[in-house]
Each structure stands twice: as structure tokens, then as C-alpha cells.
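**Q** Take a look at input15.txt, compact mmCIF, C-alpha atoms:
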```txt
# COMPACT_ATOMS: atom_id res chain seq x y z
CA MET A 1 -3.85 -0.89 12.98
CA ALA A 2 -2.23 -3.01 15.65
CA ARG A 3 1.22 -1.66 14.95
CA CYS A 4 0.49 1.66 16.70
CA ASP A 5 -2.30 3.01 18.86
CA MET A 6 -3.58 5.67 16.49
CA PRO A 7 -7.29 6.28 17.16
CA ARG A 8 -9.51 5.30 14.24
CA GLU A 9 -10.82 8.87 13.88
CA VAL A 10 -7.25 10.18 13.53
CA PHE A 11 -6.44 7.51 10.97
CA GLU A 12 -9.52 8.47 8.99
CA ALA A 13 -8.65 12.17 9.19
CA LEU A 14 -5.12 11.55 7.91
CA SER A 15 -6.44 9.27 5.19
CA ASP A 16 -8.84 12.04 4.16
CA LEU A 17 -5.93 14.50 4.09
CA MET A 18 -4.01 12.20 1.75
CA THR A 19 -7.07 11.88 -0.48
CA ASP A 20 -7.45 15.68 -0.47
CA TYR A 21 -3.82 15.94 -1.53
CA THR A 22 -4.36 13.72 -4.57
CA TYR A 23 -7.47 15.61 -5.61
CA ALA A 24 -5.67 18.96 -5.19
CA VAL A 25 -2.67 17.82 -7.26
CA ASP A 26 -4.74 16.11 -9.92
CA ASN A 27 -7.22 18.94 -10.50
CA ARG A 28 -4.25 21.08 -11.71
CA ARG A 29 -6.08 24.24 -10.69
CA SER A 30 -3.64 26.02 -8.39
CA GLY A 31 -0.58 25.32 -6.32
CA GLU A 32 -2.43 27.00 -3.49
CA ASP A 33 -4.95 24.13 -3.43
CA VAL A 34 -2.04 21.86 -2.50
CA ALA A 35 -0.05 24.24 -0.29
CA VAL A 36 -3.01 24.84 2.02
CA LEU A 37 -2.84 21.16 3.08
CA PHE A 38 0.66 21.69 4.55
CA THR A 39 1.97 23.58 7.55
CA ASP A 40 3.90 26.77 6.78
CA ASP A 41 7.18 25.07 7.74
CA ALA A 42 6.45 21.71 6.08
CA VAL A 43 9.17 19.70 4.38
CA ILE A 44 8.50 17.64 1.26
CA ASP A 45 11.22 15.16 0.41
CA PHE A 46 10.94 13.69 -3.09
CA SER A 47 14.64 12.92 -3.37
CA ASP A 48 14.02 9.16 -3.72
CA VAL A 49 12.37 9.81 -7.10
CA ALA A 50 14.93 12.44 -8.16
CA PHE A 51 12.69 15.42 -7.42
CA PRO A 52 13.61 18.32 -5.15
CA THR A 53 13.33 18.56 -1.41
CA MET A 54 11.12 21.53 -0.55
CA ARG A 55 11.30 23.44 2.70
CA GLY A 56 8.46 25.74 3.69
CA ARG A 57 5.36 27.13 2.07
CA ASP A 58 7.06 29.27 -0.59
CA GLU A 59 9.04 26.38 -2.06
CA ILE A 60 6.04 24.06 -1.91
CA LEU A 61 3.80 26.61 -3.60
CA ALA A 62 6.37 27.22 -6.34
CA PHE A 63 6.74 23.49 -7.05
CA TYR A 64 3.03 22.79 -7.32
CA ASN A 65 2.42 25.95 -9.37
CA SER A 66 5.02 24.63 -11.79
CA LEU A 67 3.09 21.35 -12.04
CA VAL A 68 -0.09 23.27 -12.80
CA GLU A 69 1.77 25.10 -15.53
CA ASN A 70 3.48 22.08 -17.07
CA MET A 71 1.19 19.07 -16.64
CA ALA A 72 -1.72 18.22 -18.93
CA TRP A 73 -2.97 15.22 -16.91
CA GLU A 74 -2.33 13.81 -13.45
CA PHE A 75 -3.69 10.75 -11.64
CA HIS A 76 -2.64 9.69 -8.14
CA MET A 77 -4.41 6.76 -6.54
CA PRO A 78 -3.57 5.69 -2.98
CA ALA A 79 -4.24 2.28 -1.44
CA ASN A 80 -2.91 0.20 1.43
CA LEU A 81 -3.25 3.07 3.88
CA ARG A 82 -1.65 2.23 7.21
CA PRO A 83 -0.97 4.09 10.47
CA ASP A 84 2.77 4.52 10.95
CA SER A 85 3.14 6.41 14.24
CA TRP A 86 1.09 8.30 16.80
CA ASP A 87 2.30 10.10 19.92
CA GLY A 88 -0.99 11.70 20.91
CA GLU A 89 -0.40 14.84 18.84
CA VAL A 90 1.61 13.93 15.76
CA GLY A 91 0.39 11.17 13.49
CA ALA A 92 1.94 9.59 10.43
CA ILE A 93 0.39 7.34 7.83
CA THR A 94 1.77 5.54 4.82
CA ALA A 95 0.08 4.45 1.59
CA TYR A 96 0.97 2.85 -1.71
CA VAL A 97 0.32 5.12 -4.67
CA ILE A 98 0.11 4.59 -8.39
CA GLY A 99 0.95 7.95 -9.90
CA MET A 100 0.48 8.82 -13.56
CA GLY A 101 1.05 12.03 -15.41
CA ARG A 102 1.36 13.45 -18.88
CA PRO A 103 3.13 16.76 -19.32
CA LYS A 104 1.95 19.28 -21.91
CA GLN A 105 5.18 18.49 -23.74
CA GLY A 106 6.94 15.17 -23.33
CA ASP A 107 6.24 11.58 -22.47
CA ALA A 108 3.78 10.22 -19.94
CA VAL A 109 5.18 8.88 -16.68
CA GLU A 110 3.94 6.22 -14.25
CA VAL A 111 5.37 5.46 -10.83
CA GLN A 112 4.61 3.02 -8.04
CA VAL A 113 5.61 4.67 -4.78
CA ARG A 114 4.90 4.78 -1.07
CA TYR A 115 3.79 8.02 0.54
CA ARG A 116 4.47 8.89 4.16
CA MET A 117 2.68 11.90 5.61
CA GLU A 118 3.41 13.15 9.10
CA CYS A 119 0.62 15.40 10.25
CA VAL A 120 -0.44 17.73 13.04
CA ARG A 121 -3.71 19.41 13.90
CA GLN A 122 -3.76 23.18 13.48
CA ASP A 123 -6.84 25.36 13.97
CA ASP A 124 -9.20 22.37 13.78
CA ALA A 125 -7.65 21.07 10.56
CA TRP A 126 -5.09 18.34 10.04
CA LYS A 127 -2.08 19.49 8.05
CA CYS A 128 0.95 17.67 6.75
CA ARG A 129 4.28 18.80 8.18
CA HIS A 130 6.52 16.20 6.52
CA PHE A 131 5.83 14.35 3.30
CA SER A 132 8.17 11.84 1.70
CA LEU A 133 8.10 9.38 -1.18
CA LYS A 134 9.81 6.05 -1.57
CA ALA A 135 10.02 4.35 -4.94
CA MET A 136 8.67 0.78 -4.78
CA MET A 137 9.33 -0.13 -8.39
CA PRO A 138 12.20 1.15 -10.56
CA VAL A 139 11.55 4.72 -11.74
CA GLY A 140 12.15 5.70 -15.35
CA MET B 1 -24.48 -14.81 6.22
CA THR B 2 -24.43 -12.99 9.53
CA GLN B 3 -23.23 -9.46 8.90
CA MET B 4 -19.57 -9.06 9.74
CA PRO B 5 -19.16 -6.56 12.61
CA ARG B 6 -17.35 -3.35 11.76
CA HIS B 7 -14.42 -4.08 14.06
CA VAL B 8 -13.90 -7.48 12.42
CA ARG B 9 -14.13 -5.97 8.96
CA ASP B 10 -11.55 -3.33 9.91
CA ALA B 11 -9.27 -5.97 11.44
CA LEU B 12 -9.37 -8.21 8.38
CA GLN B 13 -8.73 -5.30 6.03
CA ASP B 14 -5.84 -4.19 8.22
CA LEU B 15 -4.45 -7.75 8.11
CA MET B 16 -4.51 -7.71 4.32
CA VAL B 17 -2.69 -4.38 4.27
CA GLU B 18 -0.12 -5.73 6.72
CA TYR B 19 0.40 -8.68 4.39
CA ALA B 20 1.14 -6.33 1.48
CA TYR B 21 3.67 -4.37 3.53
CA ALA B 22 5.29 -7.57 4.82
CA VAL B 23 5.58 -9.15 1.36
CA ASP B 24 6.82 -5.94 -0.23
CA ALA B 25 9.49 -5.31 2.40
CA LEU B 26 11.34 -8.31 0.95
CA SER B 27 12.95 -8.88 4.34
CA ASP B 28 11.96 -10.09 7.82
CA ILE B 29 10.23 -13.36 7.01
CA ASP B 30 9.07 -13.69 10.62
CA ASN B 31 7.03 -10.50 10.29
CA LEU B 32 5.24 -12.11 7.37
CA LEU B 33 4.78 -15.49 9.05
CA ASP B 34 3.28 -13.84 12.13
CA LEU B 35 0.26 -12.93 10.01
CA PHE B 36 -0.62 -16.63 9.59
CA THR B 37 -1.73 -19.35 11.97
CA ASP B 38 0.76 -22.17 12.49
CA ASP B 39 -1.40 -24.51 10.39
CA ALA B 40 -2.35 -21.98 7.72
CA GLN B 41 -2.87 -23.12 4.15
CA VAL B 42 -1.84 -20.93 1.24
CA ASP B 43 -3.27 -21.94 -2.11
CA MET B 44 -1.60 -20.27 -5.09
CA THR B 45 -2.35 -23.14 -7.48
CA ALA B 46 -4.81 -21.08 -9.52
CA ILE B 47 -1.92 -18.86 -10.61
CA GLY B 48 0.47 -21.76 -11.19
CA LEU B 49 2.31 -21.47 -7.89
CA PRO B 50 2.47 -23.93 -4.97
CA MET B 51 -0.04 -25.15 -2.43
CA MET B 52 1.45 -24.60 1.01
CA TYR B 53 0.56 -26.39 4.23
CA GLY B 54 1.70 -24.71 7.43
CA ARG B 55 4.30 -22.10 8.26
CA GLY B 56 7.18 -24.29 7.15
CA ASP B 57 5.96 -24.42 3.56
CA ILE B 58 5.07 -20.72 3.63
CA LYS B 59 8.50 -19.81 4.95
CA ALA B 60 10.27 -21.90 2.32
CA PHE B 61 8.30 -20.26 -0.50
CA PHE B 62 8.78 -16.68 0.68
CA ASP B 63 12.44 -17.21 1.62
CA THR B 64 12.99 -17.86 -2.08
CA VAL B 65 10.80 -14.92 -3.11
CA PHE B 66 12.70 -12.54 -0.85
CA GLU B 67 15.98 -13.83 -2.18
CA THR B 68 14.92 -13.59 -5.81
CA MET B 69 13.17 -10.23 -5.95
CA SER B 70 14.57 -6.70 -5.92
CA HIS B 71 11.20 -4.87 -5.99
CA HIS B 72 7.63 -5.68 -4.96
CA PHE B 73 4.42 -3.66 -5.08
CA HIS B 74 1.04 -5.14 -4.12
CA PHE B 75 -1.71 -2.58 -4.48
CA MET B 76 -5.06 -3.58 -2.92
CA SER B 77 -8.58 -2.32 -3.38
CA ASN B 78 -12.21 -3.50 -3.41
CA TYR B 79 -12.11 -5.04 0.05
CA ARG B 80 -15.28 -7.02 0.67
CA PRO B 81 -16.42 -9.14 3.61
CA GLU B 82 -17.28 -12.58 2.31
CA SER B 83 -18.33 -14.62 5.30
CA TRP B 84 -18.64 -14.42 9.07
CA ASP B 85 -19.90 -17.13 11.40
CA GLY B 86 -19.16 -15.38 14.67
CA THR B 87 -15.64 -16.77 14.91
CA VAL B 88 -14.18 -17.12 11.44
CA GLY B 89 -14.25 -14.27 8.95
CA ALA B 90 -13.25 -14.15 5.31
CA MET B 91 -12.50 -11.11 3.19
CA THR B 92 -11.63 -10.68 -0.46
CA SER B 93 -9.81 -7.90 -2.29
CA TYR B 94 -8.58 -7.06 -5.75
CA VAL B 95 -4.82 -6.71 -6.09
CA ILE B 96 -2.46 -5.35 -8.71
CA GLY B 97 0.80 -7.11 -8.01
CA MET B 98 4.07 -5.98 -9.53
CA GLY B 99 7.55 -7.30 -9.11
CA ARG B 100 11.03 -7.10 -10.50
CA ALA B 101 13.49 -9.93 -10.05
CA LYS B 102 17.17 -9.37 -9.43
CA ASP B 103 17.84 -10.81 -12.91
CA GLY B 104 15.74 -8.01 -14.43
CA ASN B 105 12.64 -10.06 -15.23
CA THR B 106 9.38 -8.28 -14.38
CA VAL B 107 5.85 -9.40 -13.63
CA THR B 108 2.47 -7.69 -13.26
CA VAL B 109 -0.73 -9.53 -12.30
CA GLN B 110 -4.32 -8.60 -11.59
CA VAL B 111 -5.70 -11.05 -9.03
CA LYS B 112 -8.17 -11.52 -6.21
CA TYR B 113 -7.09 -12.41 -2.70
CA ARG B 114 -9.25 -14.30 -0.24
CA MET B 115 -8.16 -14.49 3.37
CA GLU B 116 -10.03 -16.58 5.94
CA CYS B 117 -9.06 -15.38 9.39
CA ILE B 118 -9.52 -16.10 13.08
CA GLU B 119 -8.57 -14.25 16.24
CA GLN B 120 -5.86 -15.86 18.33
CA ASP B 121 -4.79 -14.28 21.62
CA GLY B 122 -6.25 -10.93 20.60
CA THR B 123 -4.62 -10.88 17.16
CA TRP B 124 -6.29 -11.69 13.86
CA LYS B 125 -4.43 -14.22 11.75
CA CYS B 126 -5.00 -15.78 8.37
CA ARG B 127 -5.67 -19.51 8.34
CA HIS B 128 -6.47 -19.91 4.63
CA TYR B 129 -5.27 -17.69 1.80
CA THR B 130 -6.05 -18.12 -1.86
CA ILE B 131 -5.16 -16.15 -4.97
CA SER B 132 -7.33 -16.23 -8.08
CA PRO B 133 -6.40 -14.70 -11.44
CA MET B 134 -8.66 -11.96 -12.77
CA MET B 135 -6.75 -11.29 -15.97
CA PRO B 136 -4.59 -13.66 -18.04
CA LEU B 137 -1.32 -14.37 -16.28
CA PRO B 138 2.03 -13.43 -17.80
CA GLY B 139 4.58 -16.17 -18.43
CA SER B 140 7.08 -14.30 -16.30
CA LEU B 141 5.10 -15.19 -13.14
CA THR B 142 6.17 -18.83 -13.17
CA GLU B 143 9.57 -17.92 -14.60
CA ILE B 144 10.19 -15.85 -11.48
CA HIS B 145 8.25 -17.69 -8.76
CA GLY B 146 7.69 -21.18 -10.16
CA GLU B 147 9.53 -24.24 -9.04
CA ALA B 148 12.74 -24.83 -10.94
```
Step by step, read the file and then write its structure as C-alpha cells.

**A**
Amino acid sequence: MARCDMPREVFEALSDLMTDYTYAVDNRRSGEDVAVLFTDDAVIDFSDVAFPTMRGRDEILAFYNSLVENMAWEFHMPANLRPDSWDGEVGAITAYVIGMGRPKQGDAVEVQVRYRMECVRQDDAWKCRHFSLKAMMPVG
Amino acid sequence: MTQMPRHVRDALQDLMVEYAYAVDALSDIDNLLDLFTDDAQVDMTAIGLPMMYGRGDIKAFFDTVFETMSHHFHFMSNYRPESWDGTVGAMTSYVIGMGRAKDGNTVTVQVKYRMECIEQDGTWKCRHYTISPMMPLPGSLTEIHGEA
């Protein structure tokens, strides 16, 4: 925590948001469960693992609805959560994630990646406005 | 054991996380060394790797690691305070460690870390670090990190 002055309660709130994200993705219930965790103008950049970059709620919703439709199993487990930046309003955290998934058709996948979520508080709730992945082990 | 205060527990856990980020960056050896006291001991003998005495030994070992590896991933969980005497605190954690060498060799281990730490000039540092195996070790570990 020494690397930036993020208050502990903000760090815990952002950590909770990341946990909520994994639960929302892994329950495979609705893209809306995921989209609600992001601001309307959020950007999700998965280009480092050869997935699309999504801009705004409609693209995010479409992507996660497609996961709900196509995935049979998902498992995303974060660890090593760490504050990355804090300016008094905008906070970013990073975490290591082991991600596993099995599509309804096709082979299972496993990745070891780092998440970075940049978040702001809107209407008493923390939301992610920029989410990116970095591959830590070779993908595929 | 006196119960470890929350702020010490948080600081030690944060130090372990910083260690993972520093090791996995595979660059900036000074950032890694800053997490240890000058006289720190690092005992990796239980996994077939060296015993290190002081920053010089630690630097020499990790200089080679950083040069050899293309990917690192050290995933920590199960943090647990182990001891606290009012000045020195120790914490353990489980770790899944993965790596890929530049020659294509790969390694995955399941181990336990123990870090014994003290506060120096307002910063917590590790003065004794040990790794213990929790599952059988793969031969590739010493192929990649062992002494030639």
C-alpha cells in the first residue's frame, strides 16, 4: 500500500468491485450483471489476450451477453490485489487472476493474467471506467 | 503469541504482494532488493535452490533469474500471521508459482512462503524469507534456476 496513498476503505471498495466482477462473469446469468459494474462510457481493453476492445455500455453488454450464450463454465480467481493509483477521486487497482473457462463447444482455456481496473464513484457506488488485461504467461 | 496488530498484518501482506510484483516484473532488481534488509537471509534450500546471505547474494541470484526468464506469475493466497513479538512479525502464504524460461522450459510449483519482517525507517522489510514445497517439485525447477 505504500506505493500510493489510496485510503484503505477505497482499496477495499475497489477490491470488492473486482470480486463482484468475477462473480458476475462466472455466474453466466446475464451480461447486464456485468455491465452494471461499469460506467456508461467505460472502456475494456482485452487486446493483450487477442480479445476486442470495447467502448461504452452497448459494446460491453454485447460482449458479456455473448459469453453467457457461449460459455458452459467460467472461473476467475483474483489474488495479489494492489493499489495502483489514487488522485482523491479516481482509483486504480491491479490483481493477478487465474481465469478458466469451458465453452459449450470447444476446448477449455486457462490464462494467467493481470487485471487493472480504474474506478470512480457514481451515485454512492464504485464503478469501473477502464479495465485492461495483461497476459503474464503465454496465452494459447 | 501476542496477536499481530491489524496494521502490521496489512503491512506484511502488502510486502508479500510487492514481492510478487517485483519478482514477476523481471526487471528493476533494485525494486526487489528494497524489500529486504541489507543482511536479509533467503533460504530456498527446501526447493533445491540456494541459501542467500545478504543483498549481494540475493542480487546475484535474481540477476540470473531476470536474465533467464521470459514470464513469471506468482499467485498468493492463504496469508496468515505466524508470529509477532512487538517488533518482528512473520507471515506465511501459499503460492502457485509459474515461469517460462527464454529457452522454452516451463515450471509450476505449489509452495509456502514465510517472511519474517521488521520496520526500518517507517518501511517494513523482510529479514528472513523461506520457501517450503507443498507439492512434489518438478525437475524443471532446478533445470531453470539451479546452479549450473

**Q** Identify which of the residues A:Leu81, A:Val34, A:Ile44, A:Ala92 lies closest to chain B, counting all atoms listed in the file when measuring atom-to-atom distances.

**A**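 Checking each of A:Leu81, A:Val34, A:Ile44, A:Ala92 against chain B, counting all atoms listed in the file, the winner is A:Leu81.
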
**Q** Define the interface residues of chain A facing chain B as those within 8 Å, counting all atoms listed in the file, and report them as a PyMOL selection string.

**A** chain A and resi 1+79-82+96-97+112+136-138

**Q** Just the number, please: distance in Å from CA of Asp39 in chain B to CA of Met69 in chain B, one decimal.

**A**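 Taking CA of Asp39 in chain B and CA of Met69 in chain B, their separation equals 26.1 Å.
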
**Q** Near range 51-55 of chain A, within 12 Å and counting all atoms listed in the file, which residues show up once chain neighbours fewer than 5 positions away are dropped, as a PyMOL selection string?

**A** chain A and resi 35+38-46+60-64+129-135+139

**Q** One decimal, in Å: what's the spacing between CA of Glu59 in chain A and CA of Val25 in chain A?

**A**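 Separation between CA of Glu59 in chain A and CA of Val25 in chain A: 15.4 Å.
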
**Q** Work out how far apart CA of Arg9 in chain B and CA of Ile96 in chain B are and give it in Å to one decimal.

**A**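 Computing the Euclidean distance for CA of Arg9 in chain B and CA of Ile96 in chain B yields 21.2 Å.
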
**Q** With distances taken over all atoms listed in the file, which of B:Ser132, B:Ser140, B:Gln120, B:Asn78 is nearest to Met44 in chain B?

**A**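 Of all the options, B:Ser132 lies closest to Met44 in chain B.
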
**Q** Measuring between only C-alpha atoms, which one of B:Glu67, B:Asp103, B:Glu143, B:Glu119 shows the shortest distance to Asp28 in chain B?

**A**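 Under the stated criterion, the closest residue is B:Glu67.
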
**Q** Need the neighbours of (-6.1, -16.7, -19.1): which residues are at most 12 Å away, counting only C-alpha atoms, as an MDAnalysis selection string?

**A** chainID B and resid 46:48 109:111 132:139

**Q** Neighbours of Trp84 in chain B within 12 Å (only C-alpha atoms; same-chain residues fewer than 4 positions away dropped), as a count of residues only?

**A** 18

**Q** Give me the residues within 6 Å of His76 in chain A as a ChimeraX atom specification, counting all atoms listed in the file and dropping any in the same chain fewer than 6 places off.

**A** /A:22,98-99

**Q** Name the residues in contact with Ile93 in chain A at a cut-off of 8 Å, using all atoms listed in the file, excluding same-chain residues fewer than 3 positions from it; report them as a short mmCIF file (atom, residue, chain, number, x, y, z; two decimals) with C-alpha atoms, in the frame of the given file.

**A**
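Result file follows (out34.cif):
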```
data_model
loop_
_atom_site.label_atom_id
_atom_site.label_comp_id
_atom_site.auth_asym_id
_atom_site.auth_seq_id
_atom_site.Cartn_x
_atom_site.Cartn_y
_atom_site.Cartn_z
CA PHE A 11 -6.44 7.51 10.97
CA LEU A 14 -5.12 11.55 7.91
CA SER A 15 -6.44 9.27 5.19
CA LEU A 81 -3.25 3.07 3.88
CA ARG A 82 -1.65 2.23 7.21
CA PRO A 83 -0.97 4.09 10.47
CA ASP A 84 2.77 4.52 10.95
CA SER A 85 3.14 6.41 14.24
CA ARG A 116 4.47 8.89 4.16
CA MET A 117 2.68 11.90 5.61
CA GLU A 118 3.41 13.15 9.10
#
```
